[in-house]
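Listing of final-v5.txt; format and content: compact mmCIF, C-alpha atoms.
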```
# COMPACT_ATOMS: atom_id res chain seq x y z
CA MET A 1451 -30.34 13.78 -18.18
CA ARG A 1452 -26.72 14.16 -17.05
CA SER A 1453 -27.28 11.64 -14.23
CA LEU A 1454 -28.69 9.13 -16.71
CA ALA A 1455 -25.72 9.58 -19.07
CA ASN A 1456 -23.23 9.24 -16.21
CA GLY A 1457 -25.11 6.18 -14.98
CA MET A 1458 -24.63 4.66 -18.42
CA VAL A 1459 -20.87 5.19 -18.05
CA ALA A 1460 -20.93 3.30 -14.77
CA VAL A 1461 -22.92 0.46 -16.35
CA ALA A 1462 -20.52 0.35 -19.33
CA ALA A 1463 -17.53 0.19 -16.96
CA LEU A 1464 -19.15 -2.64 -14.96
CA GLY A 1465 -19.96 -4.47 -18.20
CA LEU A 1466 -16.36 -4.25 -19.42
CA ALA A 1467 -15.14 -5.41 -16.00
CA TRP A 1468 -17.48 -8.41 -16.12
CA MET A 1469 -16.22 -9.33 -19.63
CA LEU A 1470 -12.60 -9.17 -18.40
CA LYS A 1471 -13.42 -11.39 -15.41
CA ASP A 1472 -15.19 -13.84 -17.72
CA PHE A 1473 -12.13 -13.97 -20.03
CA TYR A 1474 -9.86 -14.50 -17.02
CA ARG A 1475 -11.90 -17.49 -15.84
CA ARG A 1476 -10.92 -19.42 -18.97
CA ALA A 1477 -7.50 -17.88 -19.66
CA GLY A 1478 -4.20 -19.74 -19.50
CA ALA A 1479 -0.66 -18.39 -19.15
CA GLU A 1480 -0.38 -17.70 -22.91
CA ASP A 1481 -3.71 -15.81 -22.98
CA LEU A 1482 -2.50 -13.57 -20.16
CA GLY A 1483 0.91 -12.95 -21.74
CA TRP A 1484 0.03 -9.26 -22.37
CA LEU A 1485 -0.17 -8.82 -18.58
CA LEU A 1486 2.24 -11.48 -17.28
CA ALA A 1487 5.17 -10.78 -19.62
CA PRO A 1488 5.85 -7.14 -18.62
CA THR A 1489 5.19 -8.00 -14.97
CA VAL A 1490 7.66 -10.89 -15.03
CA LYS A 1491 10.26 -8.74 -16.81
CA LEU A 1492 10.04 -5.99 -14.17
CA THR A 1493 9.96 -8.55 -11.33
CA SER A 1494 13.09 -10.13 -12.75
CA LEU A 1495 14.77 -6.67 -12.78
CA CYS A 1496 13.71 -5.97 -9.17
CA THR A 1497 14.68 -9.35 -7.72
CA GLY A 1498 17.71 -10.03 -9.91
CA ALA A 1499 16.35 -13.55 -10.50
CA ARG A 1500 15.69 -15.11 -13.90
CA PHE A 1501 12.20 -16.38 -14.72
CA GLU A 1502 11.74 -18.95 -17.49
CA LEU A 1503 8.52 -19.56 -19.35
CA GLU A 1504 7.04 -22.99 -18.77
CA PRO A 1505 4.49 -23.38 -21.65
CA GLY A 1506 0.97 -23.97 -20.41
CA HIS A 1507 1.96 -23.28 -16.81
CA GLY A 1508 3.59 -19.93 -16.15
CA TYR A 1509 7.02 -18.52 -15.31
CA LEU A 1510 9.46 -20.28 -13.01
CA SER A 1511 12.52 -19.05 -11.15
CA ARG A 1512 14.74 -21.96 -10.13
CA GLU A 1513 16.95 -19.83 -7.88
CA LEU A 1514 14.02 -18.40 -5.89
CA ARG A 1515 11.97 -21.62 -6.24
CA TYR A 1516 9.04 -19.37 -7.11
CA GLU A 1517 6.53 -19.54 -9.92
CA ILE A 1518 4.30 -16.88 -11.43
CA VAL A 1519 1.12 -18.51 -12.72
CA PRO A 1520 -2.09 -17.05 -14.24
CA ALA A 1521 -3.57 -16.61 -10.74
CA CYS A 1522 -0.73 -14.15 -10.06
CA ALA A 1523 -1.49 -11.99 -13.13
CA GLY A 1524 -3.37 -9.39 -11.06
CA VAL A 1525 -6.53 -9.42 -13.17
CA ASN A 1526 -8.73 -8.77 -10.13
CA PHE A 1527 -6.63 -5.73 -9.32
CA LEU A 1528 -6.81 -4.62 -12.96
CA VAL A 1529 -10.61 -4.74 -12.72
CA ALA A 1530 -10.58 -2.78 -9.44
CA ALA A 1531 -8.10 -0.22 -10.82
CA PHE A 1532 -10.31 0.31 -13.88
CA LEU A 1533 -13.58 0.56 -11.95
CA CYS A 1534 -12.24 2.91 -9.27
CA PRO A 1535 -11.83 6.07 -11.39
CA CYS A 1536 -14.81 5.16 -13.63
CA LEU A 1537 -17.28 4.74 -10.77
CA GLY A 1538 -15.73 7.44 -8.59
CA LEU A 1539 -15.56 10.16 -11.25
CA ALA A 1540 -18.46 9.33 -13.63
CA HIS A 1541 -20.76 11.73 -11.76
CA ALA A 1542 -18.42 14.65 -12.54
CA CYS A 1543 -18.56 14.22 -16.34
CA SER A 1544 -20.58 16.81 -18.24
CA SER A 1545 -20.12 15.75 -21.88
CA TRP A 1546 -19.88 12.53 -23.91
CA LEU A 1547 -16.27 13.35 -24.79
CA GLU A 1548 -15.41 13.57 -21.07
CA ARG A 1549 -17.12 10.24 -20.45
CA LEU A 1550 -15.20 8.57 -23.28
CA VAL A 1551 -11.90 10.07 -22.08
CA LEU A 1552 -12.69 8.80 -18.55
CA LEU A 1553 -13.24 5.22 -19.78
CA VAL A 1554 -10.19 5.13 -22.05
CA SER A 1555 -7.81 6.85 -19.63
CA SER A 1556 -9.03 4.64 -16.75
CA ALA A 1557 -8.26 1.53 -18.81
CA ALA A 1558 -4.76 2.75 -19.70
CA ALA A 1559 -4.00 3.87 -16.15
CA ALA A 1560 -5.35 0.61 -14.73
CA LEU A 1561 -3.04 -1.45 -16.97
CA VAL A 1562 0.08 0.52 -16.03
CA THR A 1563 -0.82 0.54 -12.32
CA THR A 1564 -1.51 -3.21 -12.36
CA VAL A 1565 1.90 -4.02 -13.86
CA LEU A 1566 3.65 -1.79 -11.29
CA ALA A 1567 1.59 -3.00 -8.31
CA ASN A 1568 1.92 -6.64 -9.29
CA THR A 1569 5.68 -6.24 -9.77
CA ALA A 1570 5.98 -4.80 -6.26
CA ARG A 1571 3.80 -7.55 -4.80
CA LEU A 1572 5.58 -10.41 -6.57
CA SER A 1573 9.04 -9.02 -5.76
CA ILE A 1574 8.18 -8.89 -2.04
CA ALA A 1575 6.36 -12.24 -2.11
CA ALA A 1576 9.21 -14.02 -3.92
CA ARG A 1577 11.74 -12.69 -1.40
CA LEU A 1578 9.54 -13.70 1.57
CA HIS A 1579 9.07 -17.16 0.02
CA ALA A 1580 12.81 -17.61 -0.54
CA ASP A 1581 13.48 -16.63 3.10
CA GLY A 1582 10.63 -18.85 4.38
CA ALA A 1583 9.35 -15.87 6.36
CA SER A 1584 6.62 -16.22 8.98
CA LEU A 1585 5.67 -14.19 12.09
CA GLY A 1586 3.94 -16.07 14.91
CA PRO A 1587 0.32 -16.67 13.85
CA LEU A 1588 1.15 -15.13 10.47
CA THR A 1589 1.94 -18.25 8.48
CA PRO A 1590 3.67 -17.81 5.10
CA ALA A 1591 0.26 -18.09 3.39
CA ARG A 1592 -1.33 -15.42 5.63
CA LEU A 1593 1.72 -13.19 5.23
CA HIS A 1594 1.50 -13.58 1.45
CA CYS A 1595 -2.19 -12.60 1.53
CA GLY A 1596 -1.62 -9.66 3.89
CA VAL A 1597 1.30 -8.27 1.88
CA GLY A 1598 -0.81 -8.56 -1.27
CA VAL A 1599 -3.66 -6.56 0.29
CA VAL A 1600 -1.28 -3.83 1.54
CA VAL A 1601 0.46 -3.41 -1.82
CA TYR A 1602 -2.67 -3.59 -3.96
CA PHE A 1603 -4.78 -1.31 -1.76
CA LEU A 1604 -2.08 1.37 -1.44
CA PHE A 1605 -1.61 1.42 -5.22
CA LEU A 1606 -5.39 1.67 -5.67
CA ILE A 1607 -5.62 4.64 -3.30
CA ALA A 1608 -2.68 6.32 -5.06
CA LEU A 1609 -4.30 5.78 -8.48
CA PHE A 1610 -7.64 7.20 -7.39
CA SER A 1611 -6.03 10.17 -5.61
CA LEU A 1612 -4.08 10.96 -8.79
CA ALA A 1613 -7.24 10.65 -10.91
CA VAL A 1614 -9.09 13.07 -8.60
CA ARG A 1615 -6.22 15.57 -8.72
CA VAL A 1616 -5.94 15.38 -12.51
CA ARG A 1617 -9.69 15.80 -12.90
CA GLY A 1618 -9.66 18.75 -10.52
CA ALA A 1619 -6.67 20.37 -12.26
CA VAL A 1620 -8.26 19.99 -15.71
CA HIS A 1621 -11.64 21.38 -14.72
CA GLU A 1622 -10.78 24.11 -12.21
CA PRO A 1623 -11.27 27.52 -13.85
CA ALA A 1624 -7.98 29.38 -14.36
CA ARG A 1625 -7.16 31.96 -11.64
CA MET B 676 -25.30 37.98 -21.57
CA SER B 677 -26.07 35.68 -24.53
CA PRO B 678 -27.61 32.20 -23.90
CA HIS B 679 -24.39 30.60 -25.26
CA ALA B 680 -22.21 32.54 -22.80
CA ASP B 681 -24.70 31.63 -20.05
CA ARG B 682 -24.32 27.90 -20.85
CA ILE B 683 -20.50 28.13 -20.81
CA ARG B 684 -20.55 30.02 -17.51
CA SER B 685 -22.94 27.54 -15.85
CA ARG B 686 -20.84 24.59 -17.08
CA ARG B 687 -17.69 26.21 -15.63
CA VAL B 688 -19.45 26.82 -12.31
CA SER B 689 -20.74 23.23 -12.28
CA SER B 690 -17.22 21.89 -12.97
CA HIS B 691 -15.78 24.13 -10.26
CA VAL B 692 -18.40 22.89 -7.76
CA ASP B 693 -17.66 19.29 -8.77
CA ALA B 694 -13.92 19.93 -8.25
CA ILE B 695 -14.62 21.26 -4.72
CA HIS B 696 -16.84 18.26 -3.91
CA LEU B 697 -14.19 15.86 -5.16
CA ARG B 698 -11.60 17.43 -2.87
CA ARG B 699 -13.93 17.22 0.17
CA ARG B 700 -15.10 13.62 -0.40
CA PRO B 701 -12.98 11.06 1.46
CA THR B 702 -10.65 9.83 -1.28
CA VAL B 703 -10.22 6.44 0.39
CA LEU B 704 -13.90 5.44 0.52
CA VAL B 705 -14.32 4.79 -3.21
CA PRO B 706 -11.12 2.69 -3.54
CA TRP B 707 -12.06 0.69 -0.42
CA LEU B 708 -15.58 -0.06 -1.63
CA VAL B 709 -14.34 -1.03 -5.10
CA TYR B 710 -11.52 -3.19 -3.69
CA VAL B 711 -13.81 -5.07 -1.30
CA GLY B 712 -16.44 -5.40 -4.01
CA VAL B 713 -14.06 -6.89 -6.59
CA THR B 714 -12.02 -9.13 -4.26
CA LEU B 715 -14.72 -10.33 -1.87
CA VAL B 716 -18.30 -9.49 -2.80
CA GLY B 717 -18.01 -10.51 -6.45
CA PRO B 718 -16.29 -13.87 -5.81
CA ALA B 719 -18.63 -14.58 -2.86
CA ALA B 720 -21.65 -13.98 -5.09
CA ASN B 721 -20.15 -16.50 -7.54
CA GLY B 722 -19.96 -19.17 -4.86
CA ALA B 723 -16.37 -18.68 -3.67
CA TRP B 724 -17.64 -18.41 -0.06
CA ARG B 725 -17.99 -22.22 -0.08
CA SER B 726 -14.25 -22.79 -0.54
CA PRO B 727 -12.29 -23.51 2.68
CA GLY B 728 -9.77 -20.65 2.49
CA PHE B 729 -12.26 -17.92 1.54
CA ALA B 730 -13.29 -16.94 5.09
CA GLU B 731 -9.69 -16.42 6.21
CA HIS B 732 -8.91 -14.50 3.00
CA ALA B 733 -11.96 -12.31 3.63
CA TRP B 734 -10.94 -11.55 7.24
CA ILE B 735 -7.39 -10.62 6.25
CA THR B 736 -8.60 -8.44 3.35
CA LEU B 737 -11.18 -6.58 5.44
CA ALA B 738 -8.87 -6.11 8.43
CA VAL B 739 -5.83 -4.93 6.48
CA SER B 740 -7.66 -2.74 3.97
CA GLY B 741 -9.92 -1.33 6.69
CA ALA B 742 -6.91 -0.42 8.84
CA ILE B 743 -5.17 1.29 5.90
CA ALA B 744 -8.38 3.13 4.94
CA GLY B 745 -8.86 4.31 8.53
CA VAL B 746 -5.31 5.58 8.90
CA TRP B 747 -5.44 7.31 5.49
CA ALA B 748 -8.78 8.99 6.22
CA ALA B 749 -7.54 10.16 9.63
CA ALA B 750 -4.35 11.58 8.09
CA VAL B 751 -6.31 13.44 5.40
CA HIS B 752 -8.80 14.80 7.96
CA ARG B 753 -5.95 15.99 10.18
CA SER B 754 -4.19 17.64 7.25
CA ARG B 755 -7.39 19.46 6.24
CA SER B 756 -8.05 20.59 9.85
CA LYS B 757 -4.53 22.05 10.03
CA LYS B 758 -5.05 23.95 6.75
CA GLY B 759 -8.39 25.28 7.99
CA SER B 760 -6.98 26.55 11.31
CA ARG B 761 -4.11 28.48 9.71
CA PRO B 762 -4.60 32.29 10.00
CA GLY B 763 -5.78 33.88 6.75
CA SER B 764 -7.05 30.58 5.29
```

Output the file's structure as C-alpha cells, nothing else.
Amino acid sequence: MRSLANGMVAVAALGLAWMLKDFYRRAGAEDLGWLLAPTVKLTSLCTGARFELEPGHGYLSRELRYEIVPACAGVNFLVAAFLCPCLGLAHACSSWLERLVLLVSSAAAALVTTVLANTARLSIAARLHADGASLGPLTPARLHCGVGVVVYFLFLIALFSLAVRVRGAVHEPAR
Amino acid sequence: MSPHADRIRSRRVSSHVDAIHLRRRPTVLVPWLVYVGVTLVGPAANGAWRSPGFAEHAWITLAVSGAIAGVWAAAVHRSRSKKGSRPGS
C-alpha cells in the first residue's frame, strides 16, 4: 500500500515535470521572466555588467557582448532539480502529509537552486565568452557545454545531498 | 503495549531504517540518473538525436558528469571506510 502511494508521488512528480517541459517548448522571454529576471539580476551583480531587456528576445549585455535568451533559462535543470529529491526520496515517505511536503519543498528548493546554479553558469560562461577562451580541442562551444555540465551537476549533487541530510535529520529518532 | 503505541513504534523504526538506508545509498547515483535522463534521454526520445550537435553534446555530458560522479562516489566510499576503521566505531 505504501509502495503504491509512493509510486503515485513519483508519477505526480514526472507529470508536473512533463507539464513544465511542455510549457517551456512554447515559452518566450516574457513567459520565462519569473526565472530569467532573478537570474539576470544576480548574474549582473556577479559579473558587474549591465543586462538590458530586449523585448521578445532576451537580455543583452553590450559590454560583454553576451545575451541571455530563453534557452539559457535553465528549465531543464529546474526539472532535474525537482525530480531528483522527489524520485530519490519518495520511497521513504510514510504519510500523505510527508508526500505533499516532499513535492512542495522539492519545487521550492529546485527553483532556488536553479537560479543560483544558472547564475554561476552564466557568470562563468559570459566571462569565458568575453575572453574568447578555448583550450586545444576544447572549442568555445565545447568549453561552454562542459562548464555547464560541471556547474549544473555539482549543484544537483549538492541539492540531493542536502535533501537526504534534512530527511535523515527530521526522521531520525532523538538520542 | 497498546496497538496505537505499537504503530508509532513501528513507524519510528521504519523511519530510522529508511534514514540508515539513505545514508548508505550512493548519493551521486540518483542525481546522475536524473541528470542524464532529463538532459539526454528525454530530448533523444523526442527526436533531438537527429540534430547535428546532439551527439557531441551527449558525449560531453556523459563524460563530464560520469567523471564527477565517479570521483564523488570514490571520495564518499573512502570517507566511510576511514570512519569504519577508526577504533571504537

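One finds CA of Ala1463 (chain A) at 15.4 Å from CA of Phe1610 (chain A).
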
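Nearest to chain B of all the residues A:Glu1480, A:Glu1548, A:Glu1502, A:Glu1517 is A:Glu1548, based on only C-alpha atoms.
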
Can you tell me, as a VMD selection string, what residues are no more than 9 Å from Gly745 (chain B) when counting all atoms listed in the file, ignoring any on the same chain fewer than 5 positions away? chain B and resid 703 740 750

How far is it from CA of Ile1607 (chain A) to CA of Leu708 (chain B), in Å with one decimal? 11.1 Å

Taking all atoms listed in the file into account, produce a table as a tab-separated table in which each residue of region 1514-1581 of chain A with an atom at most 12 Å from an atom of region 1585-1598 of chain A appears once, together with its shortest atom pair and the distance in Å to one decimal, ordered by chain and rising number.
```
residue	atom	partner	partner_atom	distance
A:Cys1522	CA	A:Gly1598	CA	10.4
A:Gly1524	CA	A:Gly1598	CA	10.2
A:Asn1526	CA	A:Gly1598	CA	11.9
A:Phe1527	CA	A:Gly1598	CA	10.3
A:Ala1567	CA	A:Gly1598	CA	9.3
A:Asn1568	CA	A:Gly1598	CA	8.7
A:Thr1569	CA	A:Gly1598	CA	10.9
A:Ala1570	CA	A:Gly1598	CA	9.2
A:Arg1571	CA	A:Gly1598	CA	5.9
A:Leu1572	CA	A:Gly1598	CA	8.5
A:Ser1573	CA	A:Gly1598	CA	10.8
A:Ile1574	CA	A:Val1597	CA	7.9
A:Ala1575	CA	A:His1594	CA	6.2
A:Ala1576	CA	A:His1594	CA	9.4
A:Arg1577	CA	A:His1594	CA	10.7
A:Leu1578	CA	A:Pro1590	CA	8.0
A:His1579	CA	A:Pro1590	CA	7.4
A:Ala1580	CA	A:Pro1590	CA	10.7
A:Asp1581	CA	A:Pro1590	CA	10.1
```

Taking (-1.6, 2.3, -4.9) in the file's own coordinates, collect the residues within 10 Å, counting only C-alpha atoms, and hand them back as an NGL selection string. (:A and (1531 or 1563-1564 or 1566-1567 or 1600-1612)) or (:B and (706))

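For the pair CA of Ala744 (chain B) and CA of Trp707 (chain B), the interatomic distance is 6.9 Å.
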
Choose the residue, out of A:Leu1485, A:Leu1503, A:Leu1464, A:Leu1553, that has the smallest atom-to-atom separation from chain B; count only C-alpha atoms. A:Leu1464

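Take the candidates B:Ser756, B:Asn721, B:Ser726, B:Thr702 and check each one against chain A using all atoms listed in the file; the shortest distance goes to B:Thr702.
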
If we count only C-alpha atoms and set the cut-off at 7 Å, which residues sit around region 712-716 of chain B, ignoring sequence neighbours fewer than 3 positions away in its own chain? Please answer as a ChimeraX atom specification. /A:1526,1530 /B:708-709,719-720,733

Trp1546 (chain A) environment, 10 Å, all atoms listed in the file, sequence neighbours closer than 4 positions dropped, as a ChimeraX atom specification: /A:1452,1455-1456,1459,1550-1552
